[in-house]
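Let me begin by presenting the structure, written as structure tokens, before commenting on it.
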There are 2 protein chains.
Amino acid sequence: MQDALIINTRDLDFQLFEVLEAETLTRRTRHADHSRETFRAALDTAHAVAVEKFAPHNRLLDEHEPQFDGQRVTLPVEVKDALDALRATGFLAAGKDYEWGGMQLPSLIAFACLSLFKSANIATSSYAMLTTANANVIERFGSEAQKRKYLQALFEGRAFGTMALTEPQAGSSLSDLVTTATPNEDGTYSIRGNKIFISAGDHELSENIVHLVLARIPGGPPGVKGISLFTVPKYHVNDDGSLGARNDVALAGLIHKMGWRGTTSTMLSFGEHGTCIGELVGETHHGLATMFHMMNEARIGVGLGAVMLGYRGYLASLDYARERPQGRRPDNKNPLDPQLPLIEHADVRRMLLAQKAYVEGAYALCLYAARLVDEQHTGESDAARAEAGLLLDLLTPVVKSWPSQWCLEANSLAIQIHGGYGYTREYPVEQFYRDNRLNMIHEGTHGIQAIDLLGRKVVMKQGAALALFGHAIRRTIDAALTHERLHAHANALGDAWRDLNATVEALLPTLAQETERALANANAFLEAFGHIVIAWTWLRQAVVASAALADARSEAETDADFYRGKLHACQWFFRWELPRVALMLATLRSLDDTTLGMAPQWF
Amino acid sequence: MQDALIINTRDLDFQLFEVLEAETLTRRTRHADHSRETFRAALDTAHAVAVEKFAPHNRLLDEHEPQFDGQRVTLPVEVKDALDALRATGFLAAGKDYEWGGMQLPSLIAFACLSLFKSANIATSSYAMLTTANANVIERFGSEAQKRKYLQALFEGRAFGTMALTEPQAGSSLSDLVTTATPNEDGTYSIRGNKIFISAGDHELSENIVHLVLARIPGGPPGVKGISLFTVPKYHVNDDGSLGARNDVALAGLIHKMGWRGTTSTMLSFGEHGTCIGELVGETHHGLATMFHMMNEARIGVGLGAVMLGYRGYLASLDYARERPQGRRPDNKNPLDPQLPLIEHADVRRMLLAQKAYVEGAYALCLYAARLVDEQHTGESDAARAEAGLLLDLLTPVVKSWPSQWCLEANSLAIQIHGGYGYTREYPVEQFYRDNRLNMIHEGTHGIQAIDLLGRKVVMKQGAALALFGHAIRRTIDAALTHERLHAHANALGDAWRDLNATVEALLPTLAQETERALANANAFLEAFGHIVIAWTWLRQAVVASAALADARSEAETDADFYRGKLHACQWFFRWELPRVALMLATLRSLDDTTLGMAPQWF
């Protein structure tokens, strides 16, 4: 059992510096003090903290989930120790301005650092991730007074953050939430209502907790157009930043999950005694749009979490497959020959290759999304910044959903390689599988991502985002066509992309006239589109690997092995996964109505 | 939360009496005392015991897994209560001779009864299932003395049984097991060695435990040809059936699993003090073949367990989808309209339909396998009995593996329909998902089933089993062609079957000359073949449903709804699942060597 394998650092280097050319970001004014060396120093520090402080208690935290005695929530002391190390090393503000005490790192590098904490311990790292996402909303939409009150505390980790959207009766249907925010004479609001599944909603890990709460101001419009956003601290904050009395936010109970047990999942009761005070963030009735700023970031974070759980399982099973002797080749019947390591068996290699293709392909996508965030913020022209935003909008449903589905499948394969041992709690992989199953649900289920993609993102601005992504694909195909060994893949990706566009064309009239019918198979569209996106990330990687192999400087044999592995994983994805896209698209174009046609009473 | 929905009894009726024509079995001498009424009485009793005694402690047992204090294993008292009810109602010997106190039920009915216990509580029912399988081996291969000593006790549940194959260093590679059995002068053997993952290997649920142990007699041939089978009781049994002293079998420890926690998984130490006595069952060095008699039955049992976990999750999520209001249709933006039940959403209906297609299709397969066991034992001619045995051999890898993969997927969909609630331990579905993940591993992993199917079953006796199954498919296609609404499905199944046969033909030379290469993608063959088999079970069901709908007697509207649901689930499988077969077969025919070509150092 190997517990500290949280990343293949050669792959991280490849993704950041060879594929995404992170070093070019140092040319931008905001990051001018940085260099490849400072990036690497940040990554090395994150790696050390992750391995030394986050990874060691990953199983312990699963076995000792948070306890609530009616007064306080108790967590193993190791969680606070790890988060203290995170505070001390400044990673809560890794991408923030120097003036806030931040490191002013590009999003790409900050995100890569975050990936290491997630890999080491998804539950403990969630407290940090939610805090950063929360702070980003206040930084962008909060008043100056709100920033003074909360921001520094969040960046330093004195306060942690949450997002409090979901209510028991409404679930994914935010339109139906009923928590109220009644205006007080001093400009504050009295909040009253119940929220459920609020991650990190209570704990003693920080001095304070800042909830971002969606609620309705009475008299506003019904539905999503009447929702506003509020900061609701656990302890009131005085103007000088010191903590005041307890606010009227009560923990009604902890939810016990299948996995991801170390992050408290809470039922929160706001204003049970009528004295819960919140402050409006941004404009009245625009709360959903404001919150979606946080939500989109959280969705990319979910995708990254799914990738890292998959990555961790992949590395664990690779290690196991190299060490564990088991059986012989199928054409060797001599029981006196020694057993071979598992990795020598074709079916085990298939399961390793599939995991590699899923997790490294999805990792490439998540890091690309982080790179787009940089383009959006520091891109060299208005047009470049706007384009990055469009691409990010289009890809977010895929970044959220594809890793949640396929890196979970990777975790299942990691268990399978371990055989009976993999199913036991004595080995780490079963926990990754349990932890990862949440990712298809939180921050918008798979079904919601599918409707977002096909019903909104693909058609927005007359398909501008889709066209833009088409250019990116075209550039990669052109580059691939200069490498003979990539011709077949380049053509296959081109065919799949044309096929997808033809499908969108075919669906457009139905989307306009029979929305329900056109969206009934949105899930298949999400899967087909997702596979094309991942095939693209693989072709991008393959172009870099192929060029490196052709380059005399890369002749060090271990480096050549690394690049050959990349080419081979790309080949596996193109031969065994991409072909399924054509099937899904054909069924979509046929407007198959099997699901819609199934009457509820026929079940 | 609904905990007692263990089966759709209308479906059970349909499968047994309409599709598999169970009543015709009463024409056979062995079952001449039986009738549809006695079958139903047995099923009703099993259903009542399952609901009243097995289902209520399913979650409790998960939360209170077996404890070992170094002396004894403790389980919640409800487990023994449930098994006592099983003993009292005689289900441990449901299929056995009257002279043994059995009910002489056909395997099909006994198996259907077992399915209800499995659905209600997979962990508790395992003690019973292993006991029946163990008794079957002793009944068939044991000496008269062994039968006297053990059989009655096993049938009455005074003793429970195990199968002790796996060793820590050998895993799936039985060829490498090293437990020894040294002959004693009195004809017994001294057993020495360690076994791991022995389900039900220790407990206090029965007076005695009879282990069936694979071990080597020193001086025998190496590999699988030197393995013999032994009975090793926990307590010695005197000739009069009374219990003697403790045998030298010690529990070295319990294994802690992700799910299926209520069945003890044990590490057993045989002969630590040199005084572990076993008796040879069957012939010297033929232990593996003898054990495989039990193993094949266990494999069908694994498939059935996977189905029932899937079935249970399907029913729970169907119930939830009908009750839970959530959101509106995509083309309705009016938030003042009431929320609709989840089942009204197309994507939820997709997830229900997929579950229905997986679990009812796989249930049909498992019950068909049980029907083949009846044909094998009481078929009307030698030829019929031999044919049934061949078909069973061919289908066993599919019965074991397909439900393990796809009914697990069904459990994942059941979680997804529940949203965040599904991921919590407050709802039952997450447990089914955890429990079900074991089924791809135990009694031969997926990879082992794949090699068994392609490397052995498909080619055995010059492809006789495959040809035989082809006749069965042909008969169903011919019947389907008499129903216009089934024409497209009938033709699609015919095409898939031809495609599969062409693939086998294309692989034959490679199987003979480059076994490793031909078997490298055996997993894809298993999946493709499995999908064809399930498509066939759906077409069989659709033929019966279509005929019933056309029949004036079936006009009761609820019955018509049931049959329409069957036709629709069939359509879903043929439109959304079967098409993937052609892709897999094409890649197989290309002898794609991506996995074999991946050098271990490239990872």
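Labels for the structure tokens follow display order: chains A, B, ..., residues from 1 in each chain, ligands from 1.
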7 Å contact set for range 459-472 of chain A, only C-alpha atoms, chain neighbours under 3 positions out, as a PyMOL selection string: chain A and resi 390-391+394+455-456+475-476
Interface, chain B side, toward chain A (7 Å; only C-alpha atoms) as a PyMOL selection string: chain B and resi 170+173+175+222-223+255-258+326-327+329-331+335+343+346-347+349-350+416+419-420+423-425+430+438+441-442+447+515-516+520+561-562+564-565+568+572+594-596+598+600-603
For Phe160 in chain B: contacts at 7 Å, only C-alpha atoms, fewer than 6 positions along chain excluded, given as a ChimeraX atom specification: /B:127,131,154,206,208-210
Generate the output file for the selected residues, C-alpha atoms, as a PDB file, in the first residue's frame.
```pdb
ATOM      1  CA  TYR B 127     -24.639 -17.627   4.658  1.00  0.00           C
ATOM      2  CA  THR B 131     -24.326 -23.551   2.516  1.00  0.00           C
ATOM      3  CA  LEU B 154     -26.213 -28.582   6.066  1.00  0.00           C
ATOM      4  CA  SER B 206     -24.706 -22.301  13.205  1.00  0.00           C
ATOM      5  CA  ASN B 208     -20.774 -26.038  12.950  1.00  0.00           C
ATOM      6  CA  ILE B 209     -19.073 -24.812   9.775  1.00  0.00           C
ATOM      7  CA  VAL B 210     -17.989 -27.142   6.990  1.00  0.00           C
TER       8      VAL B 210
END
```
Distance in Å - CA of Asn436 in chain A versus CA of Asn296 in chain A: 19.0 Å
All strand (DSSP E) residues (DSSP, backbone) inside range 90-266 of chain B, as JSON, numbers by chain: {"B": [159, 160, 161, 162, 163, 164, 180, 181, 182, 183, 189, 190, 191, 192, 193, 194, 195, 196, 197, 198, 199, 208, 209, 210, 211, 212, 213, 214, 215, 216, 227, 228, 229, 230, 231, 232, 233, 235, 236, 237, 243, 244, 245, 246, 249, 250, 251, 252, 253, 254, 265, 266]}
Asn491 in chain B environment, 10 Å, only C-alpha atoms, sequence neighbours closer than 6 positions dropped, as a list in words: Ile477, Asp478, Ala480, Leu481 and Trp497 of chain B
DSSP alpha helix (DSSP H) residues within range 443-594 of chain B, as a count of residues only: 120
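Put simply, CA of Ser126 in chain B is 12.7 Å away from CA of Arg299 in chain B.
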Selection: 7 Å around range 113-115 of chain B, only C-alpha atoms, excl. self and same-chain fewer than 4 positions, as a ChimeraX atom specification: /B:43,46,109,119,304,308
Who sits within 8 Å of range 85-99 of chain B, only C-alpha atoms, same chain under 6 positions skipped, as a list in words: Thr45, Ala46, Val49, Lys53, Leu105, Pro106, Ser107, Ala110, Ala128, Thr131, Thr132, Leu154, Phe155, Glu156 and Gly157 of chain B
Residue among B:Ser317, B:Thr482, B:Thr179, B:Gln152 lying closest to Asp240 in chain B, counting only C-alpha atoms: B:Gln152
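Note that the spacing between CA of Leu268 in chain A and CA of Gly201 in chain A amounts to 7.2 Å.
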Residues within 8 Å of range 75-77 of chain B, only C-alpha atoms, excluding chain neighbours under 6 positions, as a VMD selection string: chain B and resid 61 64 to 67 203 262
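Of the residues listed (A:Ile300, A:Leu229, A:Ala545, A:Ala316), A:Ile300 shows the shortest atom-to-atom separation from Leu372 in chain A; distances use only C-alpha atoms.
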